[in-house]
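Shown below: structure_34.tsv, with TSV, C-alpha atoms.
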```tsv
chain	number	residue	atom	x	y	z
A	221	MET	CA	-1.22	15.79	-64.85
A	222	PHE	CA	-4.26	14.13	-66.50
A	223	ARG	CA	-3.87	12.16	-69.62
A	224	ARG	CA	-6.64	12.10	-72.10
A	225	ASN	CA	-6.97	8.98	-74.09
A	226	ARG	CA	-7.77	8.59	-77.73
A	227	ALA	CA	-11.43	7.56	-77.09
A	228	ASP	CA	-12.12	10.87	-75.30
A	229	ARG	CA	-10.61	12.85	-78.20
A	230	ASP	CA	-12.62	10.89	-80.77
A	231	PHE	CA	-15.81	11.44	-78.80
A	232	ARG	CA	-15.24	15.21	-78.55
A	233	GLU	CA	-14.49	15.43	-82.27
A	234	ALA	CA	-17.70	13.57	-83.07
A	235	GLN	CA	-19.65	15.95	-80.82
A	236	ARG	CA	-18.15	19.00	-82.58
A	237	ALA	CA	-18.97	17.51	-85.99
A	238	GLY	CA	-22.55	16.84	-84.93
A	239	GLN	CA	-22.96	20.37	-83.61
A	240	ALA	CA	-21.60	21.77	-86.87
A	241	VAL	CA	-24.12	19.74	-88.89
A	242	LEU	CA	-26.99	20.93	-86.66
A	243	ALA	CA	-25.84	24.55	-86.97
A	244	MET	CA	-25.65	24.21	-90.75
A	245	HIS	CA	-29.25	22.88	-90.97
A	246	THR	CA	-30.64	25.71	-88.85
A	247	GLU	CA	-29.08	28.33	-91.14
A	248	LEU	CA	-30.18	26.85	-94.46
A	249	PRO	CA	-33.73	27.67	-95.59
A	250	LEU	CA	-35.91	24.78	-96.68
A	251	PRO	CA	-36.54	25.00	-100.42
A	252	ASP	CA	-40.27	24.13	-100.61
A	253	ALA	CA	-41.47	24.97	-97.11
A	254	PRO	CA	-44.00	27.80	-96.85
A	255	GLY	CA	-43.26	30.64	-94.47
A	256	PRO	CA	-44.91	30.78	-91.04
A	257	VAL	CA	-47.49	33.36	-92.17
A	258	ALA	CA	-48.55	31.28	-95.18
A	259	ALA	CA	-48.87	28.14	-93.07
A	260	SER	CA	-51.13	29.78	-90.46
A	261	ALA	CA	-53.30	31.37	-93.18
A	262	ALA	CA	-53.65	28.04	-94.96
A	263	LEU	CA	-54.58	26.33	-91.69
A	264	ALA	CA	-57.21	28.97	-90.89
A	265	ALA	CA	-58.70	28.70	-94.39
A	266	THR	CA	-59.09	24.92	-94.37
A	267	VAL	CA	-61.82	23.31	-92.33
A	268	VAL	CA	-60.82	19.97	-90.91
A	269	PRO	CA	-63.73	17.52	-90.99
A	270	ASP	CA	-64.58	15.59	-87.86
A	271	PHE	CA	-63.04	12.16	-87.52
A	272	LEU	CA	-66.35	10.31	-87.30
A	273	PRO	CA	-69.54	11.07	-89.18
A	274	PRO	CA	-72.43	12.19	-86.94
A	275	ASP	CA	-74.17	8.80	-87.18
A	276	PHE	CA	-71.22	7.05	-85.53
A	277	ARG	CA	-70.66	9.48	-82.64
A	278	ALA	CA	-71.69	8.49	-79.14
A	279	PRO	CA	-73.92	10.97	-77.34
A	280	SER	CA	-72.23	13.14	-74.76
A	281	ARG	CA	-73.25	13.21	-71.10
A	282	GLN	CA	-75.39	16.30	-71.74
A	283	ASP	CA	-77.29	14.54	-74.54
A	284	VAL	CA	-78.67	11.73	-72.37
A	285	SER	CA	-80.90	11.81	-69.31
A	286	GLY	CA	-78.65	9.43	-67.40
A	287	PHE	CA	-76.87	6.12	-67.25
A	288	MET	CA	-77.98	2.82	-65.77
A	289	MET	CA	-76.34	-0.43	-64.77
A	290	ARG	CA	-77.24	-3.70	-63.10
A	291	TRP	CA	-76.02	-4.41	-59.58
A	292	ASP	CA	-76.77	-8.09	-58.91
A	293	LEU	CA	-74.91	-8.47	-55.59
A	294	PRO	CA	-76.10	-7.03	-52.29
A	295	LEU	CA	-75.36	-3.30	-52.30
A	296	VAL	CA	-73.16	-2.38	-49.33
A	297	ILE	CA	-73.19	1.34	-48.46
A	298	ASP	CA	-71.22	2.64	-45.48
A	299	GLY	CA	-70.66	-0.88	-44.19
A	300	GLU	CA	-74.29	-2.05	-44.22
A	301	VAL	CA	-76.34	-3.91	-46.80
A	302	HIS	CA	-78.86	-1.57	-48.39
A	303	ALA	CA	-82.38	-3.00	-48.59
A	304	CYS	CA	-85.59	-1.67	-50.09
A	305	HIS	CA	-88.68	-1.21	-47.92
A	306	CYS	CA	-90.14	-4.26	-49.68
A	307	GLY	CA	-87.25	-6.42	-48.43
A	308	ALA	CA	-85.23	-6.70	-51.66
A	309	TYR	CA	-81.50	-6.33	-51.14
A	310	ARG	CA	-80.01	-7.47	-54.46
A	311	ASN	CA	-80.62	-7.22	-58.24
A	312	TRP	CA	-80.66	-3.42	-58.26
A	313	ILE	CA	-80.70	-1.11	-61.23
A	314	VAL	CA	-78.48	1.87	-60.42
A	315	PHE	CA	-79.20	5.13	-62.24
A	316	ASN	CA	-76.75	8.00	-62.52
A	317	MET	CA	-78.73	11.02	-63.65
A	318	ARG	CA	-77.57	14.12	-65.52
A	319	ASP	CA	-77.75	16.17	-62.30
A	320	ASP	CA	-75.21	13.76	-60.67
A	321	SER	CA	-77.80	12.13	-58.42
A	322	VAL	CA	-77.82	8.35	-57.99
A	323	TRP	CA	-81.12	6.46	-57.84
A	324	LEU	CA	-81.77	2.81	-57.04
A	325	ARG	CA	-84.54	0.61	-58.40
A	326	CYS	CA	-85.35	-2.72	-56.79
A	327	PRO	CA	-86.73	-5.70	-58.77
A	328	ALA	CA	-90.25	-4.80	-57.59
A	329	GLY	CA	-89.96	-1.38	-59.27
A	330	HIS	CA	-89.51	0.83	-56.19
A	331	GLU	CA	-87.21	3.76	-56.90
A	332	THR	CA	-85.41	5.92	-54.35
A	333	GLU	CA	-82.60	8.44	-54.45
A	334	GLU	CA	-79.47	7.30	-52.64
A	335	THR	CA	-77.63	10.38	-51.36
A	336	ARG	CA	-74.71	8.35	-49.99
A	337	LEU	CA	-73.68	7.40	-53.53
A	338	ASP	CA	-72.42	9.85	-56.12
A	339	THR	CA	-71.23	10.01	-59.73
A	340	ALA	CA	-67.66	9.14	-58.73
A	341	TRP	CA	-68.90	5.92	-57.10
A	342	TYR	CA	-70.95	5.11	-60.21
A	343	ASN	CA	-67.99	5.71	-62.53
A	344	ARG	CA	-65.71	3.52	-60.40
A	345	ASN	CA	-68.17	0.63	-60.41
A	346	SER	CA	-69.73	0.76	-63.87
A	347	GLY	CA	-68.30	-0.65	-67.04
A	348	PRO	CA	-68.20	1.01	-70.43
A	349	VAL	CA	-71.46	2.10	-72.01
A	350	ASP	CA	-72.56	-0.59	-74.45
A	351	HIS	CA	-76.06	0.55	-75.47
A	352	PHE	CA	-78.06	3.75	-75.72
A	353	HIS	CA	-81.83	3.47	-75.37
A	354	PRO	CA	-84.47	5.97	-76.47
A	355	THR	CA	-86.73	5.32	-73.46
A	356	LEU	CA	-86.37	4.21	-69.85
A	357	GLU	CA	-88.52	1.16	-70.52
A	358	ASP	CA	-86.19	0.01	-73.32
A	359	GLY	CA	-83.19	0.34	-71.02
A	360	LEU	CA	-84.89	-1.55	-68.19
A	361	HIS	CA	-85.92	-4.29	-70.60
A	362	HIS	CA	-82.33	-4.53	-71.86
A	363	LEU	CA	-81.08	-4.94	-68.27
A	364	GLY	CA	-83.71	-7.56	-67.47
A	365	HIS	CA	-86.14	-5.56	-65.32
```
Can you present the structure in this file as structure tokens?
Amino acid sequence: MFRRNRADRDFREAQRAGQAVLAMHTELPLPDAPGPVAASAALAATVVPDFLPPDFRAPSRQDVSGFMMRWDLPLVIDGEVHACHCGAYRNWIVFNMRDDSVWLRCPAGHETEETRLDTAWYNRNSGPVDHFHPTLEDGLHHLGH
């Protein structure tokens, strides 16, 4: 009823040959490979050094008091431009503290917590960390405040 052509037969023969080779390799033991028990014992006995030396590692989020970035444009929160009580509405320094609170500092130095902003907002709008500063004053000086 159905005729099988030569290409189908050749393909099936190649599949059978490939399966036979795979079956042969699974049955043969590797000559120099250690057993599974020896490999796990050797792995447990060796201590893998860290990739970077401690001097080159960036501090983790728990090691710093917070992050800061410049926000030069007017800051729009919930559809309205946020302004300080002194009248400043641009050139903010935005702080994201370790406790996930967000603080704003105007150019005049007034600081206030902004509860409508959170860490997710900060992470979406900030760039990569390029400097770590030992003091707040050093960080503010670096950002031009």
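Interatomic distance, atom CA of A:Asn316 against atom CA of A:Ala278: 17.4 Å.
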Tell me which protein, DNA and RNA residues are within 10 Å of A:Asp320, counting all atoms listed in the file, leaving out same-chain ones fewer than 4 positions away, and put them as a PDB file with C-alpha atoms, in the coordinates of the input.
```
ATOM      1  CA  GLY A 286     -78.650   9.430 -67.400  1.00  0.00           C
ATOM      2  CA  PHE A 315     -79.200   5.130 -62.240  1.00  0.00           C
ATOM      3  CA  ASN A 316     -76.750   8.000 -62.520  1.00  0.00           C
ATOM      4  CA  LEU A 337     -73.680   7.400 -53.530  1.00  0.00           C
ATOM      5  CA  ASP A 338     -72.420   9.850 -56.120  1.00  0.00           C
ATOM      6  CA  THR A 339     -71.230  10.010 -59.730  1.00  0.00           C
ATOM      7  CA  ALA A 340     -67.660   9.140 -58.730  1.00  0.00           C
ATOM      8  CA  TYR A 342     -70.950   5.110 -60.210  1.00  0.00           C
TER       9      TYR A 342
END
```
Surrounding residues of A:Pro327 excluding itself and chain neighbours under 4 positions, 7 Å, all atoms listed in the file, as number ranges by chain: A: 311-312, 365
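For the choices A:Ser285, A:Gln235, A:Ser346, A:Thr332, the atom-to-atom distance to A:Ala303 is smallest for A:Thr332 when using all atoms listed in the file.
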Nearest candidate to A:Gly329 (options A:Leu360, A:Leu293, A:Val349, A:Met244; using all atoms listed in the file): A:Leu360
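The two atoms in question, atom CA of A:His361 and atom CA of A:Asp292, are spaced 15.3 Å apart.
Counting from atom CA of A:Glu300, the distance to atom CA of A:Gly364 is 25.7 Å.
Residue nearest A:Ile297, chosen from A:Trp341, A:Leu242, A:Asp319, A:Phe352 and counting all atoms listed in the file: A:Trp341.
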Non-local contacts of A:Trp291 (9 Å; all atoms listed in the file; under 3 positions in same chain excluded) as a ChimeraX atom specification: /A:294-295,310-314
Taking all atoms of stretch 280-286 of chain A that the file lists and extending 5 Å past them on each side, where is the centre of the axis-aligned box and how long are its edges? Answer in Å to one decimal, as AutoDock Vina command-line options.
```
--center_x -76.6 --center_y 12.9 --center_z -71.1 --size_x 18.7 --size_y 16.9 --size_z 17.4
```
A:Asp230, A:Leu363, A:Arg318, A:Thr335 ranked by distance to A:Phe287, top pick (using all atoms listed in the file): A:Arg318
